[in-house]
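Please read the structure below before turning to the comments.
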Amino acid sequence: MKAKKYKAIVGASPFPQVKEQVLATYGPEMAKRGFVFLGFDYLGMGDSPSLPGEFKQSRYMFRLLENTWDAVSYLGTLPYVEEILGLGICQGGSIISSAAVTDHRIKKIATVSGMMAADAFQWTDKNIVNQMIATANASTQKIYETGEPDFTAPFGLNDEQSKEEYTALSPFPEAGDSYDYYGRDGVKGPKAVANFTNLHIGDQAMQSLFSLCEHYADKIVQPTLVIYGTNASTAICSTAFIDKLTNDPTVSGLPEFGHVDFYYKPEAVKVSADAVAEFFNQ
């Protein structure tokens, strides 16, 4: 009897998540639809250790790509895997798209609420970006000189704030939605997910502002699906990417869902998981 073969999905998670968050939502959903799904913590995140001389809570962009390539290599060793596919949510969209530019072992890619235009110079105030860089530069120097981690809350959200405290201070239009997911009392916040924190290494912006995918979008040869909320404040991070693709992408813009809705709200997850499964099975 011939052993059954499966299509396998490597999952790429949002910043600043660990595998018990969005990947733990989409993994079972895609498994129910007949796929093998690999969710993992990047080095320095969640259950994965930091490297010698480094610190936990560091999502360095180039390492995210290396870790993704390693995950693809691992899936390639499994005798029951016949094809490898990539699914990225939020920052994971940037990761999986960037990784796929030169990793054609990934046969198709799909992004959901993707932050593919992660190069914030393209879509936000350059003065704000340069302030982020200045802060990250100072943190980098401090870490080097002290040998100690310098943690910060990248979006102003720490692990102790109430929703009222955070939304009163946050300039982000979807701050309330973000809190409902990431906040102290959120469905996947630090109280609900033991190895998650909203605090991250302060040099993060020096790395996360680098993104290959929107600059190399025209080099992506794999069939591509892009799902996003057309009314979400992050929609431009998908549309700017779509505009540069040359591989005739499949696009699903949904006005009824916001950015964070696709993380966990059942109706949004079902729509996106169904669309991803249909696309990957074509």
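Residue numbering restarts at 1 in every chain; chains get A, B, ... in the order shown in the structure tokens, and ligands count up from 1 in that same order.
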All helix (DSSP H, G or I) positions in stretch 71-161 of chain A, as a VMD selection string: chain A and resid 71 to 76 91 to 102 120 to 122 126 to 146
Select from stretch 66-100 of chain A everything DSSP, run on the backbone, classes as strand (DSSP E or B), then give the selection as a PDB file with N, CA, C and O atoms, in the first residue's frame.
ATOM      1  N   VAL A  81       5.480  14.228   3.039  1.00  0.00           N
ATOM      2  CA  VAL A  81       5.262  15.564   2.472  1.00  0.00           C
ATOM      3  C   VAL A  81       5.585  15.536   0.988  1.00  0.00           C
ATOM      4  O   VAL A  81       6.703  15.187   0.594  1.00  0.00           O
ATOM      5  N   GLU A  82       4.607  15.929   0.161  1.00  0.00           N
ATOM      6  CA  GLU A  82       4.823  15.934  -1.285  1.00  0.00           C
ATOM      7  C   GLU A  82       5.058  17.325  -1.852  1.00  0.00           C
ATOM      8  O   GLU A  82       5.587  17.475  -2.955  1.00  0.00           O
ATOM      9  N   GLU A  83       4.644  18.365  -1.107  1.00  0.00           N
ATOM     10  CA  GLU A  83       4.770  19.732  -1.611  1.00  0.00           C
ATOM     11  C   GLU A  83       4.781  20.672  -0.417  1.00  0.00           C
ATOM     12  O   GLU A  83       4.089  20.433   0.573  1.00  0.00           O
ATOM     13  N   ILE A  84       5.571  21.748  -0.516  1.00  0.00           N
ATOM     14  CA  ILE A  84       5.694  22.703   0.589  1.00  0.00           C
ATOM     15  C   ILE A  84       5.119  24.048   0.150  1.00  0.00           C
ATOM     16  O   ILE A  84       5.438  24.559  -0.932  1.00  0.00           O
ATOM     17  N   LEU A  85       4.290  24.620   1.010  1.00  0.00           N
ATOM     18  CA  LEU A  85       3.593  25.873   0.757  1.00  0.00           C
ATOM     19  C   LEU A  85       3.870  26.828   1.904  1.00  0.00           C
ATOM     20  O   LEU A  85       4.274  26.407   2.992  1.00  0.00           O
ATOM     21  N   GLY A  86       3.644  28.115   1.696  1.00  0.00           N
ATOM     22  CA  GLY A  86       3.933  29.096   2.739  1.00  0.00           C
ATOM     23  C   GLY A  86       2.737  29.967   3.058  1.00  0.00           C
ATOM     24  O   GLY A  86       2.084  30.481   2.155  1.00  0.00           O
ATOM     25  N   LEU A  87       2.452  30.134   4.345  1.00  0.00           N
ATOM     26  CA  LEU A  87       1.358  30.992   4.808  1.00  0.00           C
ATOM     27  C   LEU A  87       1.897  31.976   5.830  1.00  0.00           C
ATOM     28  O   LEU A  87       2.455  31.571   6.856  1.00  0.00           O
ATOM     29  N   GLY A  88       1.742  33.270   5.555  1.00  0.00           N
ATOM     30  CA  GLY A  88       2.202  34.291   6.479  1.00  0.00           C
ATOM     31  C   GLY A  88       1.087  35.235   6.873  1.00  0.00           C
ATOM     32  O   GLY A  88       0.314  35.669   6.018  1.00  0.00           O
ATOM     33  N   ILE A  89       1.010  35.545   8.151  1.00  0.00           N
ATOM     34  CA  ILE A  89      -0.001  36.467   8.663  1.00  0.00           C
ATOM     35  C   ILE A  89       0.717  37.675   9.252  1.00  0.00           C
ATOM     36  O   ILE A  89       1.694  37.530   9.983  1.00  0.00           O
TER      37      ILE A  89
END
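Note that the spacing between atom CA of A:Ser48 and atom CA of A:Glu148 amounts to 19.2 Å.
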When distances are computed from only C-alpha atoms, which of A:Phe55, A:Gln222, A:Asp159, A:Asp125 shows the smallest separation from A:Tyr144?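 Closest to A:Tyr144 of all the choices is A:Phe55.
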Counting only C-alpha atoms, figure out which residue out of A:Cys90, A:Phe280, A:Val187, A:Arg105 gets nearest to A:Ala232. A:Cys90
Extract, using only C-alpha atoms, all DNA, RNA and protein residues at most 9 Å from A:Lys244, discarding same-chain residues fewer than 5 positions from it, and format them as a PyMOL selection string. chain A and resi 214-218+239
Please build the interface table for stretch 239-278 of chain A against stretch 106-120 of chain A with a cut-off of 9 Å, listing for each qualifying residue the nearest atom pair and the distance in Å to one decimal; count only C-alpha atoms, order rows by chain and increasing number, and write it as a tab-separated table.
residue	atom	partner	partner_atom	distance
A:Thr239	CA	A:Ala117	CA	8.6
A:Ala240	CA	A:Ala117	CA	6.5
A:Phe241	CA	A:Met116	CA	6.1
A:Gly258	CA	A:Ser113	CA	8.4
A:His259	CA	A:Ser113	CA	5.5
A:Val260	CA	A:Ser113	CA	7.8
A:Phe262	CA	A:Ser113	CA	6.9
A:Tyr263	CA	A:Ser113	CA	8.6
A:Ser272	CA	A:Val112	CA	7.2
A:Val276	CA	A:Ala110	CA	6.6
